[in-house]
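Some notes on the structure that comes next.
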Amino acid sequence: DTEVTQTPKHLVMGMTNKKSLKCEQHMGHRAMYWYKQKAKKPPELMFVYSYEKLSINESVPSRFSPECPNSSLLNLHLHALQPEDSALYLCASSQAIPVWNEQFFGPGTRLTVL
Amino acid sequence: GQQLNQSPQSMFIQEGEDVSMNCTSSSIFNTWLWYKQDPGEGPVLLIALYKAGELTSNGRLTAQFGITRKDSFLNISASIPSDVGIYFCAGQRTGNQFYFGTGTSLTVIP
């Protein structure tokens with residue numbers, strides 16, 4: 001099973017709302033990722049968790065707050081977002097070994113900020 | 001973060017034709033991955049390459065890990081309409097970070 005699941009599929013929120021994106025994998029992967037993707041552009045890395053600890057934060061604004069409650073789950077908490085934050089948010093996972101990794105993506109959450 | 005150069009940026013081909021695209025970097029990579037992405041969906045892993053010079057196939061797809069470890073190539077033979085999408089390469093040096101190519105948009109004309 002190489003499946004990464006994400007919920008919700010679509011999310012519309014106002015700039016004052018608080019919402020969360022959820023991601024789950026059962027491949028035993030110990031590295032999990034959040035990416036942001038604009039139309040026709042490559043995914044942009046936001047955060048990496050390795051063994052449930054935040055290992056990379058690509059200078060993401062604090063209105064995005066990641067959380068890794070256990071080795072299978074990854075959340076992204078959203079608060080006071082801006083319209084320019086509208087994008088496809090992708091979760092991914094891989095083994096946490098240094099090389100020769102395969103990274104698997106979820107289907108994404110389409111976020112619209114009004 | 002670093003982006004890899006992918007070419008061509010877009011391709012319009014007739015159904016049945018073969019397709020070639022490549023990905024280049026100024027840095028050496030230990031792993032090359034190729035993905036296909038449909039609109040509004042997440043990227044789907046097509047092929048993973050781990051060794052310089054390696055040639056790997058997945059059905060009509062064939063990818064190669066360049067000898068210099070700074071590039072990779074993807075070929076699609078006998079294209080069909082469902083090949084339409086954006087193809088991304090991704091490279092991993094060491095550690096849990098993957099660098100993505102700029103993407104090749106493929107349109108197949110029936």
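By convention in this document, the chains of the structure tokens carry letters A, B, ... by their order, each chain's residues are numbered from 1, and ligands are numbered from 1 in the order they are shown.
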Run DSSP on the backbone and tell me which residues of chain A come out as strand (DSSP E); list them as an MDAnalysis selection string.
chainID A and resid 4:7 10:13 18:25 31:37 44:50 53:57 64:70 73:79 87:94 104:105 109:113
Residues of chain A within 7 Å of chain B, only C-alpha atoms counted, as a PDB file with C-alpha atoms, in the first residue's frame:
```pdb
ATOM      1  CA  LYS A  41       4.267  25.252 -10.774  1.00  0.00           C
ATOM      2  CA  PRO A  42       6.298  22.622  -8.951  1.00  0.00           C
ATOM      3  CA  LEU A  90       0.168  18.481  -0.635  1.00  0.00           C
ATOM      4  CA  ALA A  96      13.736   8.775   6.768  1.00  0.00           C
ATOM      5  CA  PRO A  98      19.517   9.729   3.885  1.00  0.00           C
ATOM      6  CA  VAL A  99      19.447   8.479   0.288  1.00  0.00           C
ATOM      7  CA  TRP A 100      17.564   6.300  -2.191  1.00  0.00           C
ATOM      8  CA  GLU A 102      10.833   7.244  -2.791  1.00  0.00           C
ATOM      9  CA  PHE A 104       4.737   9.477  -2.133  1.00  0.00           C
ATOM     10  CA  PHE A 105       2.177  12.257  -2.321  1.00  0.00           C
ATOM     11  CA  GLY A 106      -1.410  12.501  -1.187  1.00  0.00           C
ATOM     12  CA  PRO A 107      -4.167  13.851  -3.452  1.00  0.00           C
ATOM     13  CA  GLY A 108      -3.952  17.319  -1.924  1.00  0.00           C
TER      14      GLY A 108
END
```
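Once Ala92 in chain A and its same-chain neighbours fewer than 2 positions away are set aside, Val4, Cys23, Gln25, Ala31, Met32, Tyr33, Trp34, Tyr35, Leu90, Ser94, Gln103, Phe104, Phe105 and Gly106 of chain A remain within 9 Å of it when counting only C-alpha atoms.
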Determine, counting only C-alpha atoms, which protein, DNA and RNA residues have an atom within 10 Å of an atom of Met46 in chain A; residues of the same chain fewer than 6 positions away are not included. Present the result as a ChimeraX atom specification.
/A:33-36,56-61,64,66,89-90
Now that the selection is made, can you save its residues with N, CA, C and O atoms as a tab-separated table (two decimals), in the first residue's frame?
```
chain	number	residue	atom	x	y	z
A	33	TYR	N	5.97	15.37	4.95
A	33	TYR	CA	6.24	16.67	4.34
A	33	TYR	C	4.93	17.42	4.07
A	33	TYR	O	3.92	16.81	3.73
A	34	TRP	N	5.01	18.73	4.17
A	34	TRP	CA	3.97	19.61	3.62
A	34	TRP	C	4.56	20.45	2.50
A	34	TRP	O	5.64	21.04	2.66
A	35	TYR	N	3.82	20.48	1.38
A	35	TYR	CA	4.17	21.31	0.24
A	35	TYR	C	3.00	22.22	-0.09
A	35	TYR	O	1.84	21.84	0.09
A	36	LYS	N	3.32	23.36	-0.68
A	36	LYS	CA	2.32	24.26	-1.25
A	36	LYS	C	2.56	24.30	-2.75
A	36	LYS	O	3.70	24.38	-3.21
A	56	ILE	N	12.82	20.53	9.06
A	56	ILE	CA	12.98	21.61	8.09
A	56	ILE	C	11.74	22.50	8.13
A	56	ILE	O	10.62	22.02	8.08
A	57	ASN	N	11.97	23.82	8.24
A	57	ASN	CA	10.93	24.83	8.11
A	57	ASN	C	11.47	25.82	7.10
A	57	ASN	O	12.45	26.52	7.37
A	58	GLU	N	10.86	25.87	5.92
A	58	GLU	CA	11.37	26.70	4.84
A	58	GLU	C	10.89	28.14	4.99
A	58	GLU	O	10.28	28.72	4.08
A	59	SER	N	11.13	28.71	6.17
A	59	SER	CA	10.77	30.12	6.45
A	59	SER	C	9.30	30.40	6.15
A	59	SER	O	8.95	31.39	5.51
A	60	VAL	N	8.46	29.48	6.61
A	60	VAL	CA	7.03	29.61	6.37
A	60	VAL	C	6.42	30.56	7.40
A	60	VAL	O	6.78	30.49	8.58
A	61	PRO	N	5.51	31.44	6.99
A	61	PRO	CA	4.88	32.37	7.96
A	61	PRO	C	4.19	31.62	9.09
A	61	PRO	O	3.68	30.50	8.89
A	64	PHE	N	0.88	29.44	9.40
A	64	PHE	CA	0.86	28.00	9.13
A	64	PHE	C	1.59	27.31	10.28
A	64	PHE	O	2.77	27.61	10.53
A	66	PRO	N	2.54	23.50	11.69
A	66	PRO	CA	2.46	22.06	11.50
A	66	PRO	C	2.47	21.33	12.84
A	66	PRO	O	2.91	21.86	13.87
A	89	TYR	N	-2.49	22.20	-1.31
A	89	TYR	CA	-1.56	21.82	-0.25
A	89	TYR	C	-1.40	20.29	-0.29
A	89	TYR	O	-2.37	19.54	-0.19
A	90	LEU	N	-0.16	19.89	-0.45
A	90	LEU	CA	0.17	18.48	-0.64
A	90	LEU	C	0.93	17.96	0.56
A	90	LEU	O	1.85	18.61	1.07
```
Neighbouring residues of Thr16 in chain A were defined as those with any atom within 12 Å, considering only C-alpha atoms; residues of the same chain fewer than 2 positions away were excluded. Please report them as an NGL selection string.
:A and (12-14 or 18-19 or 63 or 78-83 or 113-114)
Write the residues of the selection above to a file with all heavy atoms, as a CSV table (one decimal), in the first residue's frame.
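Written file, selection.csv:
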```
chain,number,residue,atom,x,y,z
A,12,VAL,N,-12.7,26.1,1.9
A,12,VAL,CA,-12.9,27.5,1.7
A,12,VAL,C,-12.9,28.1,3.0
A,12,VAL,O,-13.7,27.7,3.9
A,12,VAL,CB,-14.2,27.8,0.9
A,12,VAL,CG1,-14.3,29.3,0.7
A,12,VAL,CG2,-14.2,27.1,-0.5
A,13,MET,N,-12.1,29.1,3.3
A,13,MET,CA,-12.1,29.8,4.6
A,13,MET,C,-11.9,31.3,4.4
A,13,MET,O,-11.3,31.8,3.5
A,13,MET,CB,-11.0,29.2,5.5
A,13,MET,CG,-9.6,29.3,4.9
A,13,MET,SD,-8.4,28.3,6.0
A,13,MET,CE,-8.4,29.3,7.5
A,14,GLY,N,-12.4,32.0,5.4
A,14,GLY,CA,-12.2,33.4,5.5
A,14,GLY,C,-10.9,33.7,6.2
A,14,GLY,O,-10.3,32.9,6.8
A,18,LYS,N,-10.0,29.7,11.6
A,18,LYS,CA,-9.0,28.7,12.0
A,18,LYS,C,-9.5,27.4,11.4
A,18,LYS,O,-10.6,26.9,11.7
A,18,LYS,CB,-8.8,28.6,13.5
A,18,LYS,CG,-8.1,29.7,14.1
A,18,LYS,CD,-7.9,29.4,15.6
A,18,LYS,CE,-7.2,30.5,16.3
A,18,LYS,NZ,-7.0,30.2,17.8
A,19,LYS,N,-8.6,26.7,10.7
A,19,LYS,CA,-8.9,25.4,10.1
A,19,LYS,C,-7.7,24.5,10.2
A,19,LYS,O,-6.5,25.0,10.4
A,19,LYS,CB,-9.4,25.5,8.7
A,19,LYS,CG,-10.7,26.3,8.5
A,19,LYS,CD,-11.9,25.5,8.9
A,19,LYS,CE,-13.1,26.3,8.6
A,19,LYS,NZ,-14.3,25.6,9.1
A,63,ARG,N,1.4,31.9,10.4
A,63,ARG,CA,0.0,31.6,10.2
A,63,ARG,C,-0.2,30.1,9.8
A,63,ARG,O,-1.3,29.6,9.8
A,63,ARG,CB,-0.7,32.5,9.3
A,63,ARG,CG,-0.1,32.6,7.9
A,63,ARG,CD,-0.8,33.7,7.1
A,63,ARG,NE,-0.3,33.8,5.7
A,63,ARG,CZ,0.7,34.5,5.3
A,63,ARG,NH1,1.3,35.3,6.2
A,63,ARG,NH2,1.0,34.6,4.0
A,78,LEU,N,-4.1,26.2,10.3
A,78,LEU,CA,-4.2,27.4,9.5
A,78,LEU,C,-4.9,28.5,10.3
A,78,LEU,O,-6.0,28.2,10.8
A,78,LEU,CB,-4.9,27.2,8.2
A,78,LEU,CG,-4.6,25.9,7.4
A,78,LEU,CD1,-5.5,25.7,6.2
A,78,LEU,CD2,-3.1,26.0,6.9
A,79,HIS,N,-4.4,29.7,10.3
A,79,HIS,CA,-5.0,30.8,11.1
A,79,HIS,C,-4.6,32.1,10.4
A,79,HIS,O,-3.5,32.4,10.2
A,79,HIS,CB,-4.6,30.7,12.5
A,79,HIS,CG,-5.1,31.9,13.3
A,79,HIS,ND1,-6.4,32.3,13.4
A,79,HIS,CD2,-4.4,32.8,14.1
A,79,HIS,CE1,-6.5,33.3,14.2
A,79,HIS,NE2,-5.3,33.7,14.6
A,80,ALA,N,-5.7,32.9,10.2
A,80,ALA,CA,-5.4,34.3,9.7
A,80,ALA,C,-4.7,34.3,8.4
A,80,ALA,O,-3.7,35.0,8.2
A,80,ALA,CB,-4.7,35.2,10.7
A,81,LEU,N,-5.2,33.4,7.5
A,81,LEU,CA,-4.5,33.3,6.2
A,81,LEU,C,-4.9,34.5,5.3
A,81,LEU,O,-5.9,35.2,5.5
A,81,LEU,CB,-4.9,32.0,5.5
A,81,LEU,CG,-4.5,30.7,6.2
A,81,LEU,CD1,-4.6,29.5,5.2
A,81,LEU,CD2,-3.0,30.8,6.6
A,82,GLN,N,-4.1,34.7,4.2
A,82,GLN,CA,-4.3,35.7,3.3
A,82,GLN,C,-4.8,35.1,1.9
A,82,GLN,O,-4.5,33.9,1.7
A,82,GLN,CB,-3.0,36.4,3.0
A,82,GLN,CG,-2.4,37.0,4.3
A,82,GLN,CD,-3.2,38.1,4.9
A,82,GLN,OE1,-3.7,39.0,4.2
A,82,GLN,NE2,-3.5,38.0,6.2
A,83,PRO,N,-5.5,35.9,1.1
A,83,PRO,CA,-5.9,35.3,-0.2
A,83,PRO,C,-4.8,34.7,-1.0
A,83,PRO,O,-5.0,33.7,-1.7
A,83,PRO,CB,-6.5,36.5,-0.9
A,83,PRO,CG,-7.0,37.4,0.2
A,83,PRO,CD,-6.0,37.2,1.3
A,113,VAL,N,-8.9,30.9,0.1
A,113,VAL,CA,-9.0,31.9,1.2
A,113,VAL,C,-9.7,33.1,0.6
A,113,VAL,O,-9.2,33.8,-0.4
A,113,VAL,CB,-7.6,32.3,1.7
A,113,VAL,CG1,-7.8,33.3,2.9
A,113,VAL,CG2,-6.8,31.1,2.2
A,114,LEU,N,-10.8,33.5,1.2
A,114,LEU,CA,-11.6,34.6,0.7
A,114,LEU,C,-11.3,35.9,1.5
A,114,LEU,O,-11.0,35.8,2.7
A,114,LEU,CB,-13.1,34.3,0.8
A,114,LEU,CG,-13.5,33.0,0.1
A,114,LEU,CD1,-15.0,32.7,0.3
A,114,LEU,CD2,-13.3,33.2,-1.4
```
Can you list, as JSON, numbers by chain, every protein, DNA or RNA residue that comes within 9 Å of range 66-83 of chain B when you count only C-alpha atoms, leaving out same-chain residues fewer than 2 positions away?
{"B": [13, 14, 15, 16, 17, 18, 19, 20, 21, 22, 23, 24, 25, 26, 27, 28, 29, 30, 31, 32, 33, 34, 36, 49, 51, 52, 53, 54, 60, 61, 62, 63, 64, 85, 89, 106, 107, 108, 109, 110]}
Can you write just those residues out, N, CA and C atoms, as a short mmCIF file (atom, residue, chain, number, x, y, z; two decimals), in the first residue's frame?
```cif
data_model
loop_
_atom_site.label_atom_id
_atom_site.label_comp_id
_atom_site.auth_asym_id
_atom_site.auth_seq_id
_atom_site.Cartn_x
_atom_site.Cartn_y
_atom_site.Cartn_z
N ILE B 13 1.95 16.86 -28.92
CA ILE B 13 2.32 15.77 -29.80
C ILE B 13 1.08 15.04 -30.28
N GLN B 14 1.24 14.30 -31.37
CA GLN B 14 0.17 13.46 -31.89
C GLN B 14 0.15 12.14 -31.12
N GLU B 15 -1.03 11.62 -30.93
CA GLU B 15 -1.16 10.30 -30.32
C GLU B 15 -0.31 9.29 -31.10
N GLY B 16 0.41 8.45 -30.36
CA GLY B 16 1.25 7.44 -31.00
C GLY B 16 2.71 7.84 -31.10
N GLU B 17 2.99 9.13 -30.96
CA GLU B 17 4.37 9.59 -31.03
C GLU B 17 5.10 9.29 -29.71
N ASP B 18 6.42 9.26 -29.81
CA ASP B 18 7.25 9.10 -28.62
C ASP B 18 7.59 10.47 -28.05
N VAL B 19 7.84 10.51 -26.75
CA VAL B 19 8.11 11.76 -26.03
C VAL B 19 9.44 11.62 -25.28
N SER B 20 10.22 12.68 -25.29
CA SER B 20 11.44 12.72 -24.48
C SER B 20 11.52 14.03 -23.73
N MET B 21 11.89 13.94 -22.47
CA MET B 21 12.09 15.14 -21.66
C MET B 21 13.27 14.92 -20.75
N ASN B 22 13.87 16.03 -20.27
CA ASN B 22 15.01 15.84 -19.40
C ASN B 22 15.03 16.85 -18.27
N CYS B 23 15.89 16.59 -17.34
CA CYS B 23 16.00 17.37 -16.12
C CYS B 23 17.48 17.53 -15.83
N THR B 24 17.93 18.77 -15.61
CA THR B 24 19.35 18.99 -15.37
C THR B 24 19.57 19.85 -14.13
N SER B 25 20.74 19.66 -13.55
CA SER B 25 21.09 20.36 -12.32
C SER B 25 22.56 20.71 -12.35
N SER B 26 22.95 21.69 -11.56
CA SER B 26 24.36 22.00 -11.39
C SER B 26 24.96 21.17 -10.25
N SER B 27 24.10 20.45 -9.52
CA SER B 27 24.54 19.66 -8.37
C SER B 27 24.36 18.17 -8.64
N ILE B 28 25.12 17.38 -7.94
CA ILE B 28 25.01 15.92 -8.04
C ILE B 28 23.85 15.44 -7.16
N PHE B 29 23.09 14.48 -7.66
CA PHE B 29 22.01 13.87 -6.89
C PHE B 29 22.23 12.37 -6.73
N ASN B 30 21.73 11.82 -5.64
CA ASN B 30 21.83 10.39 -5.37
C ASN B 30 20.58 9.62 -5.77
N THR B 31 19.48 10.33 -5.91
CA THR B 31 18.22 9.73 -6.30
C THR B 31 17.51 10.66 -7.27
N TRP B 32 16.93 10.08 -8.31
CA TRP B 32 16.07 10.84 -9.22
C TRP B 32 14.69 10.18 -9.23
N LEU B 33 13.67 11.01 -9.14
CA LEU B 33 12.29 10.53 -9.19
C LEU B 33 11.56 11.25 -10.32
N TRP B 34 10.65 10.54 -10.97
CA TRP B 34 9.79 11.15 -11.98
C TRP B 34 8.34 10.97 -11.56
N LYS B 36 4.06 12.18 -12.41
CA LYS B 36 3.04 12.74 -13.32
C LYS B 36 1.94 13.32 -12.44
N LEU B 49 15.01 6.21 -9.55
CA LEU B 49 16.34 5.84 -10.03
C LEU B 49 17.35 6.09 -8.93
N LYS B 51 20.97 4.84 -9.20
CA LYS B 51 22.36 4.58 -9.52
C LYS B 51 22.71 5.25 -10.84
N ALA B 52 23.87 5.91 -10.90
CA ALA B 52 24.31 6.57 -12.13
C ALA B 52 24.34 5.56 -13.28
N GLY B 53 23.75 5.97 -14.40
CA GLY B 53 23.71 5.11 -15.58
C GLY B 53 22.52 4.17 -15.60
N GLU B 54 21.80 4.07 -14.50
CA GLU B 54 20.66 3.14 -14.41
C GLU B 54 19.57 3.50 -15.41
N ARG B 60 5.25 1.78 -20.72
CA ARG B 60 5.75 2.54 -21.87
C ARG B 60 6.74 3.63 -21.45
N LEU B 61 7.01 3.75 -20.17
CA LEU B 61 7.91 4.78 -19.67
C LEU B 61 9.29 4.19 -19.42
N THR B 62 10.31 4.95 -19.79
CA THR B 62 11.68 4.57 -19.51
C THR B 62 12.41 5.80 -19.01
N ALA B 63 13.14 5.65 -17.91
CA ALA B 63 13.89 6.78 -17.37
C ALA B 63 15.33 6.37 -17.16
N GLN B 64 16.22 7.34 -17.24
CA GLN B 64 17.64 7.08 -17.05
C GLN B 64 18.25 8.07 -16.07
N GLY B 85 -0.71 15.58 -19.01
CA GLY B 85 -0.49 16.01 -17.64
C GLY B 85 0.81 16.78 -17.54
N CYS B 89 10.33 16.13 -12.49
CA CYS B 89 11.44 15.35 -11.95
C CYS B 89 11.71 15.87 -10.54
N LEU B 106 2.53 18.12 -20.95
CA LEU B 106 2.36 17.29 -22.14
C LEU B 106 0.90 17.30 -22.59
N THR B 107 0.70 17.64 -23.85
CA THR B 107 -0.62 17.56 -24.47
C THR B 107 -0.55 16.55 -25.60
N VAL B 108 -1.47 15.59 -25.62
CA VAL B 108 -1.51 14.57 -26.67
C VAL B 108 -2.75 14.82 -27.51
N ILE B 109 -2.53 15.02 -28.78
CA ILE B 109 -3.63 15.31 -29.70
C ILE B 109 -4.10 14.00 -30.33
N PRO B 110 -5.37 13.65 -30.15
CA PRO B 110 -5.85 12.36 -30.69
C PRO B 110 -5.83 12.33 -32.22
#
```
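Counting from CA of Cys68 in chain A, the distance to CA of Ser20 in chain A is 12.4 Å.
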d(CA of Asp38 in chain B, CA of Gln6 in chain B) in Å
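Result for CA of Asp38 in chain B versus CA of Gln6 in chain B: 17.7 Å, one decimal.
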Can you pull out the residues contacting His26 in chain A? Cut-off 10 Å, using only C-alpha atoms, and skip same-chain residues under 2 positions away; I want them as number ranges by chain.
A: 1-5, 24, 28-29, 71-73, 93
